[in-house]
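This is my_file.pdb (PDB, C-alpha atoms).
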ATOM      1  CA  MET F   1       0.000   0.000   0.000
ATOM      2  CA  THR F   2       1.368   3.413  -0.964
ATOM      3  CA  TYR F   3       0.699   6.027   1.677
ATOM      4  CA  THR F   4       2.198   9.490   1.218
ATOM      5  CA  SER F   5       0.587  11.530   3.990
ATOM      6  CA  PRO F   6       3.087  13.988   5.554
ATOM      7  CA  ILE F   7       4.621  13.297   8.936
ATOM      8  CA  GLU F   8       5.557  16.124  11.277
ATOM      9  CA  TRP F   9       8.782  16.054  13.331
ATOM     10  CA  LEU F  10       9.276  17.627  16.742
ATOM     11  CA  LYS F  11      12.838  17.604  18.095
ATOM     12  CA  GLN F  12      13.499  18.884  21.595
ATOM     13  CA  TYR F  13      16.840  19.406  23.322
ATOM     14  CA  SER F  14      15.699  20.318  26.807
ATOM     15  CA  LEU F  15      14.616  17.559  29.204
ATOM     16  CA  VAL F  16      10.907  16.718  29.021
ATOM     17  CA  PRO F  17       9.194  15.414  32.209
ATOM     18  CA  TYR F  18       7.829  11.921  31.651
ATOM     19  CA  MET F  19       4.197  12.524  32.598
ATOM     20  CA  GLU F  20       4.156  15.632  30.431
ATOM     21  CA  ALA F  21       5.260  13.462  27.513
ATOM     22  CA  ILE F  22       2.570  10.849  28.239
ATOM     23  CA  SER F  23      -0.159  13.510  28.321
ATOM     24  CA  PHE F  24       1.091  14.991  25.071
ATOM     25  CA  MET F  25       1.149  11.595  23.326
ATOM     26  CA  GLU F  26      -2.326  10.651  24.525
ATOM     27  CA  GLN F  27      -3.762  13.920  23.241
ATOM     28  CA  LYS F  28      -1.942  13.620  19.926
ATOM     29  CA  VAL F  29      -3.171  10.062  19.416
ATOM     30  CA  LEU F  30      -6.720  11.249  20.045
ATOM     31  CA  ASP F  31      -6.280  14.110  17.568
ATOM     32  CA  ILE F  32      -5.011  11.732  14.886
ATOM     33  CA  HIS F  33      -7.853   9.297  15.528
ATOM     34  CA  VAL F  34     -10.725  11.778  15.802
ATOM     35  CA  HIS F  35      -9.597  14.735  13.717
ATOM     36  CA  ASN F  36      -7.209  13.015  11.279
ATOM     37  CA  SER F  37      -4.443  15.388  12.352
ATOM     38  CA  THR F  38      -0.919  15.027  11.016
ATOM     39  CA  GLU F  39       1.128  12.090  12.320
ATOM     40  CA  LEU F  40       4.139  12.987  14.429
ATOM     41  CA  VAL F  41       7.605  11.712  15.315
ATOM     42  CA  TRP F  42       8.729  13.275  18.604
ATOM     43  CA  VAL F  43      12.403  13.057  19.590
ATOM     44  CA  LEU F  44      13.416  14.113  23.077
ATOM     45  CA  GLU F  45      15.224  13.278  26.306
ATOM     46  CA  HIS F  46      13.876  12.735  29.807
ATOM     47  CA  PRO F  47      15.370  13.516  33.210
ATOM     48  CA  PRO F  48      16.632  10.363  35.007
ATOM     49  CA  LEU F  49      13.754   7.933  35.631
ATOM     50  CA  LEU F  50      12.648   4.320  35.319
ATOM     51  CA  THR F  51       9.554   3.093  33.513
ATOM     52  CA  ALA F  52       7.844  -0.228  34.188
ATOM     53  CA  GLY F  53       6.240  -1.902  31.197
ATOM     54  CA  THR F  54       3.310  -4.286  31.282
ATOM     55  CA  SER F  55       5.618  -7.312  31.769
ATOM     56  CA  ALA F  56       7.584  -5.874  34.719
ATOM     57  CA  THR F  57       7.589  -7.959  37.911
ATOM     58  CA  LEU F  58       8.209  -7.106  41.564
ATOM     59  CA  ALA F  59      11.353  -9.264  41.556
ATOM     60  CA  GLU F  60      12.914  -6.920  38.990
ATOM     61  CA  GLU F  61      12.242  -3.699  40.880
ATOM     62  CA  PRO F  62      15.272  -1.561  41.759
ATOM     63  CA  LEU F  63      16.485  -2.153  45.309
ATOM     64  CA  LYS F  64      17.049   1.541  45.904
ATOM     65  CA  LYS F  65      14.563   3.856  44.247
ATOM     66  CA  THR F  66      16.890   6.830  43.915
ATOM     67  CA  ILE F  67      15.040   8.102  40.827
ATOM     68  CA  PRO F  68      11.296   8.175  40.025
ATOM     69  CA  VAL F  69       9.614   4.995  38.777
ATOM     70  CA  TYR F  70       6.573   5.240  36.496
ATOM     71  CA  ASN F  71       4.153   2.505  35.476
ATOM     72  CA  THR F  72       3.357   2.731  31.789
ATOM     73  CA  GLY F  73       1.138   0.990  29.265
ATOM     74  CA  ARG F  74       3.923   0.111  26.860
ATOM     75  CA  GLY F  75       5.149  -3.453  26.455
ATOM     76  CA  GLY F  76       8.315  -4.707  28.117
ATOM     77  CA  LYS F  77       9.844  -4.559  31.587
ATOM     78  CA  TYR F  78      11.921  -1.922  33.437
ATOM     79  CA  THR F  79      13.753   0.619  31.302
ATOM     80  CA  TYR F  80      15.930   3.575  32.228
ATOM     81  CA  HIS F  81      15.590   6.997  30.612
ATOM     82  CA  GLY F  82      17.929   9.907  31.140
ATOM     83  CA  PRO F  83      20.090  12.594  29.550
ATOM     84  CA  GLY F  84      22.249  11.302  26.716
ATOM     85  CA  GLN F  85      19.530   8.985  25.443
ATOM     86  CA  ARG F  86      17.420   9.998  22.441
ATOM     87  CA  VAL F  87      13.871   8.807  22.977
ATOM     88  CA  VAL F  88      11.845   8.508  19.776
ATOM     89  CA  TYR F  89       8.059   8.540  20.080
ATOM     90  CA  PRO F  90       6.386   7.927  16.696
ATOM     91  CA  MET F  91       2.649   8.591  16.657
ATOM     92  CA  LEU F  92       1.715   6.871  13.415
ATOM     93  CA  ASN F  93      -1.480   5.431  11.989
ATOM     94  CA  LEU F  94      -0.610   1.736  11.900
ATOM     95  CA  LYS F  95      -3.845   0.876  10.117
ATOM     96  CA  THR F  96      -2.881   2.834   7.023
ATOM     97  CA  ARG F  97       0.896   2.355   7.126
ATOM     98  CA  PHE F  98       1.376  -1.160   8.516
ATOM     99  CA  ASN F  99      -2.048  -2.790   8.029
ATOM    100  CA  SER F 100      -2.317  -2.821  11.848
ATOM    101  CA  ASP F 101       0.492  -5.398  11.989
ATOM    102  CA  ILE F 102       2.240  -4.560  15.260
ATOM    103  CA  ARG F 103       5.005  -7.113  14.714
ATOM    104  CA  LEU F 104       5.777  -5.528  11.355
ATOM    105  CA  TYR F 105       5.866  -2.123  13.013
ATOM    106  CA  VAL F 106       8.252  -3.294  15.757
ATOM    107  CA  ARG F 107      10.511  -4.785  13.090
ATOM    108  CA  PHE F 108      10.418  -1.409  11.337
ATOM    109  CA  LEU F 109      11.590   0.269  14.562
ATOM    110  CA  GLU F 110      14.393  -2.274  14.905
ATOM    111  CA  GLU F 111      15.481  -1.670  11.324
ATOM    112  CA  TRP F 112      15.383   2.074  11.905
ATOM    113  CA  VAL F 113      17.840   1.705  14.784
ATOM    114  CA  ILE F 114      20.028  -0.833  12.946
ATOM    115  CA  GLN F 115      20.401   1.348   9.862
ATOM    116  CA  THR F 116      21.137   4.381  12.045
ATOM    117  CA  LEU F 117      23.931   2.455  13.779
ATOM    118  CA  ASN F 118      25.320   1.476  10.373
ATOM    119  CA  TYR F 119      26.276   5.128   9.846
ATOM    120  CA  PHE F 120      28.784   4.731  12.692
ATOM    121  CA  GLY F 121      30.116   1.365  11.601
ATOM    122  CA  VAL F 122      28.222  -0.342  14.430
ATOM    123  CA  GLN F 123      26.408  -3.590  13.650
ATOM    124  CA  GLY F 124      23.059  -3.710  15.397
ATOM    125  CA  LEU F 125      21.722  -7.165  16.170
ATOM    126  CA  ARG F 126      18.203  -8.569  16.548
ATOM    127  CA  ARG F 127      17.776 -11.231  19.195
ATOM    128  CA  PRO F 128      14.297 -12.865  19.155
ATOM    129  CA  GLU F 129      14.666 -13.905  22.787
ATOM    130  CA  ARG F 130      15.810 -10.424  23.851
ATOM    131  CA  VAL F 131      13.810  -7.369  22.777
ATOM    132  CA  GLY F 132      15.688  -4.326  21.514
ATOM    133  CA  VAL F 133      18.810  -3.815  19.438
ATOM    134  CA  TRP F 134      22.109  -5.304  20.608
ATOM    135  CA  VAL F 135      25.804  -5.078  19.735
ATOM    136  CA  ALA F 136      28.421  -7.796  20.138
ATOM    137  CA  ARG F 137      31.155  -7.068  22.720
ATOM    138  CA  PRO F 138      34.048  -9.432  21.984
ATOM    139  CA  ASP F 139      36.242  -7.029  23.983
ATOM    140  CA  LYS F 140      34.376  -8.222  27.104
ATOM    141  CA  GLY F 141      34.482 -11.910  26.251
ATOM    142  CA  ILE F 142      33.005 -14.594  24.034
ATOM    143  CA  GLY F 143      29.228 -14.341  23.814
ATOM    144  CA  PHE F 144      29.001 -10.930  25.487
ATOM    145  CA  GLU F 145      26.436  -8.532  24.038
ATOM    146  CA  ASP F 146      25.135  -5.145  25.162
ATOM    147  CA  LYS F 147      21.817  -3.499  24.445
ATOM    148  CA  ILE F 148      22.105  -0.098  22.803
ATOM    149  CA  ALA F 149      18.413   0.565  22.147
ATOM    150  CA  ALA F 150      15.286  -0.423  24.062
ATOM    151  CA  ILE F 151      11.958  -0.817  22.266
ATOM    152  CA  GLY F 152       8.474  -0.742  23.753
ATOM    153  CA  VAL F 153       5.232   0.240  22.050
ATOM    154  CA  ARG F 154       1.604   0.828  22.879
ATOM    155  CA  VAL F 155      -1.240   1.167  20.388
ATOM    156  CA  GLN F 156      -4.534   3.028  20.826
ATOM    157  CA  HIS F 157      -7.125   3.330  18.050
ATOM    158  CA  HIS F 158      -4.516   1.874  15.663
ATOM    159  CA  ILE F 159      -2.194   4.794  16.518
ATOM    160  CA  SER F 160       1.279   4.045  17.924
ATOM    161  CA  MET F 161       2.646   5.443  21.167
ATOM    162  CA  HIS F 162       6.039   5.159  22.875
ATOM    163  CA  GLY F 163       8.757   3.742  20.563
ATOM    164  CA  PHE F 164      12.468   3.319  21.191
ATOM    165  CA  ALA F 165      15.314   4.813  23.231
ATOM    166  CA  LEU F 166      18.799   4.933  21.710
ATOM    167  CA  ASN F 167      21.767   5.474  24.033
ATOM    168  CA  TYR F 168      24.389   7.855  22.707
ATOM    169  CA  THR F 169      26.099   9.542  25.685
ATOM    170  CA  CYS F 170      24.022   8.458  28.688
ATOM    171  CA  ASP F 171      25.439   7.415  32.060
ATOM    172  CA  LEU F 172      25.370   3.603  32.240
ATOM    173  CA  GLU F 173      25.689   3.389  36.022
ATOM    174  CA  PRO F 174      21.907   3.617  36.692
ATOM    175  CA  TYR F 175      21.454   0.357  34.766
ATOM    176  CA  ARG F 176      23.381  -1.432  37.519
ATOM    177  CA  GLN F 177      20.687  -0.525  40.062
ATOM    178  CA  PHE F 178      17.945  -2.713  38.548
ATOM    179  CA  VAL F 179      17.430  -5.599  36.098
ATOM    180  CA  PRO F 180      17.428  -3.863  32.701
ATOM    181  CA  CYS F 181      14.551  -5.176  30.578
ATOM    182  CA  GLY F 182      14.417  -8.268  32.797
ATOM    183  CA  ILE F 183      17.765  -9.634  31.567
ATOM    184  CA  SER F 184      20.053 -10.603  34.445
ATOM    185  CA  GLN F 185      22.648 -12.864  32.788
ATOM    186  CA  PRO F 186      26.146 -11.421  33.374
ATOM    187  CA  GLN F 187      27.160 -11.605  29.687
ATOM    188  CA  TYR F 188      24.432  -9.091  28.764
ATOM    189  CA  PHE F 189      24.470  -5.433  29.759
ATOM    190  CA  VAL F 190      23.888  -2.012  28.226
ATOM    191  CA  THR F 191      26.043   0.255  26.098
ATOM    192  CA  SER F 192      25.985   3.582  24.265
ATOM    193  CA  LEU F 193      27.643   5.075  21.225
ATOM    194  CA  GLN F 194      29.992   6.930  23.573
ATOM    195  CA  ASP F 195      30.837   3.693  25.376
ATOM    196  CA  LEU F 196      31.739   2.251  21.973
ATOM    197  CA  GLY F 197      34.114   5.155  21.308
ATOM    198  CA  ILE F 198      31.776   7.213  19.104
ATOM    199  CA  LYS F 199      31.204  10.862  19.948
ATOM    200  CA  ILE F 200      28.129  12.554  18.499
ATOM    201  CA  THR F 201      25.752  15.339  19.472
ATOM    202  CA  ALA F 202      22.003  14.967  19.808
ATOM    203  CA  GLN F 203      21.521  17.200  16.775
ATOM    204  CA  GLU F 204      23.842  15.072  14.647
ATOM    205  CA  LEU F 205      22.114  11.887  15.746
ATOM    206  CA  ASP F 206      18.694  13.374  14.998
ATOM    207  CA  SER F 207      19.711  14.245  11.446
ATOM    208  CA  ILE F 208      20.665  10.609  10.826
ATOM    209  CA  LEU F 209      17.502   9.296  12.473
ATOM    210  CA  THR F 210      15.447  11.563  10.216
ATOM    211  CA  ALA F 211      17.251  10.501   7.042
ATOM    212  CA  VAL F 212      17.010   6.783   7.825
ATOM    213  CA  PHE F 213      13.299   7.081   8.647
ATOM    214  CA  GLY F 214      12.606   8.762   5.316
ATOM    215  CA  ASN F 215      14.589   6.173   3.391
ATOM    216  CA  LEU F 216      12.754   3.323   5.096
ATOM    217  CA  LEU F 217       9.356   4.805   4.282
ATOM    218  CA  LEU F 218      10.367   5.207   0.651
ATOM    219  CA  ALA F 219      11.674   1.637   0.492
ATOM    220  CA  LEU F 220       8.471   0.265   2.025
ATOM    221  CA  LYS F 221       6.264   2.669   0.036
ATOM    222  CA  ILE F 222       4.313   3.631   3.127
TER     223      ILE F 222
END

Spit out the file's structure as structure tokens when you get a sec.
Amino acid sequence: MTYTSPIEWLKQYSLVPYMEAISFMEQKVLDIHVHNSTELVWVLEHPPLLTAGTSATLAEEPLKKTIPVYNTGRGGKYTYHGPGQRVVYPMLNLKTRFNSDIRLYVRFLEEWVIQTLNYFGVQGLRRPERVGVWVARPDKGIGFEDKIAAIGVRVQHHISMHGFALNYTCDLEPYRQFVPCGISQPQYFVTSLQDLGIKITAQELDSILTAVFGNLLLALKI
């Protein structure tokens, strides 16, 4: 299906409180559903916080709640957000663009991250048993892999909410205070572009995210 409706972009470089972002997304989803308003991709960063997805369990809660914890309707478990992490919230009509196929949409998000990482010579990996995008870390040992992007979505009225969070310069220490995304095996942790030796600004990363998104839509003719 060819779908050429315009998509608006909103890129913010000051920290956006989490509940403010949730309220904004909920209103935007309603506007798209009821008033057929323009779809939106919102790119931002949050102050330090944890979100608990619908699969989060009490056993995975942080032992010391030194930062706020929010329950959210997205899929997944506990995820950290903070400065140095670009959070991408696409509010798209999945009925018209992805035939309401949520798995296809999640794969699109994964591919978006993977192709963005390609610009830096980083190979992003899909792992069916581990949600998100991963990178191999042979420098740490055989079989070691780190997550560089978390993915969690929610859909209302066929409109997407939430999305993915890509680490570029964020502090990795908060991830040691809880079980990131429910994965506790010692060979799996979290990384960032900076941790991999790549220095980039939020503005530079956003320009690549925008270009890759456009190319993917053209390739898929959606």

Evaluate the PyMOL selection byres ((chain F and resi 162) around 9) and report residues as a ChimeraX atom specification: /F:22,25,74,87-91,151-155,160-161,163-164

Using only C-alpha atoms: which of F:Asn118, F:Thr96, F:Ser207, F:Thr201 has the shortest distance to F:Cys170: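 Selected residue with least distance to F:Cys170: F:Thr201.
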
Among the residues F:Glu110, F:Glu45, F:Asp139, F:Asp195, the one that comes closest to F:Thr169 [using only C-alpha atoms]: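 The closest residue to F:Thr169 is F:Asp195.
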
Hits of the PyMOL selection byres ((chain F and resi 190) around 8) in this structure, as a PyMOL selection string: chain F and resi 146-148+172+175+188-189+191-192

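Each of F:Val43, F:Ala165, F:Leu50, F:Leu109 was compared to F:Leu217 using all atoms listed in the file, and F:Leu109 turns out to be the nearest.
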
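In this comparison, which uses all atoms listed in the file, the residue of F:Val69, F:Ala202, F:Val106, F:Ile32 approaching F:Tyr18 most closely is F:Val69.
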
Target residues per the PyMOL selection byres ((chain F and resi 16) around 12), formatted as a tab-separated table (two decimals) with C-alpha atoms, in the frame of the given file:
chain	number	residue	atom	x	y	z
F	11	LYS	CA	12.84	17.60	18.10
F	12	GLN	CA	13.50	18.88	21.60
F	13	TYR	CA	16.84	19.41	23.32
F	14	SER	CA	15.70	20.32	26.81
F	15	LEU	CA	14.62	17.56	29.20
F	17	PRO	CA	9.19	15.41	32.21
F	18	TYR	CA	7.83	11.92	31.65
F	19	MET	CA	4.20	12.52	32.60
F	20	GLU	CA	4.16	15.63	30.43
F	21	ALA	CA	5.26	13.46	27.51
F	22	ILE	CA	2.57	10.85	28.24
F	23	SER	CA	-0.16	13.51	28.32
F	24	PHE	CA	1.09	14.99	25.07
F	42	TRP	CA	8.73	13.28	18.60
F	43	VAL	CA	12.40	13.06	19.59
F	44	LEU	CA	13.42	14.11	23.08
F	45	GLU	CA	15.22	13.28	26.31
F	46	HIS	CA	13.88	12.74	29.81
F	47	PRO	CA	15.37	13.52	33.21
F	48	PRO	CA	16.63	10.36	35.01
F	49	LEU	CA	13.75	7.93	35.63
F	81	HIS	CA	15.59	7.00	30.61
F	82	GLY	CA	17.93	9.91	31.14
F	83	PRO	CA	20.09	12.59	29.55
F	86	ARG	CA	17.42	10.00	22.44
F	87	VAL	CA	13.87	8.81	22.98

Atomic separation - atom CA of F:Ser37 relative to atom CA of F:Lys221, Å: 20.7 Å

Residue nearest F:Thr38 among F:Ser55, F:Asn93, F:Thr79, F:Gln185 (counting all atoms listed in the file): F:Asn93

Close residues, stretch 134-136 of chain F itself excluded, 8 Å, all atoms listed in the file, min 4 positions apart in chain, as an MDAnalysis selection string: chainID F and resid 122:127 143:149

For atom CA of F:Leu205 and atom CA of F:Glu173, the interatomic separation in Å (one decimal):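 Between these atoms lies a distance of 22.3 Å.
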
Interatomic distance (Å, one decimal) between atom CA of F:Lys140 and atom CA of F:Arg176: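 Straight-line distance from atom CA of F:Lys140 to atom CA of F:Arg176 works out to 16.6 Å.
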
Residue neighbourhood F:Tyr119, 12 Å, all atoms listed in the file, exclusion window fewer than 3 positions, as a count of residues only: 18

Neighbours of point (-6.0, 3.4, 19.0) within 8 Å, using only C-alpha atoms, written as a PyMOL selection string: chain F and resi 29-30+33+155-160

Of the listed residues F:Gly84, F:Gly76, F:Trp9, F:Lys95, that which approaches F:Val131 most closely, counting all atoms listed in the file: F:Gly76
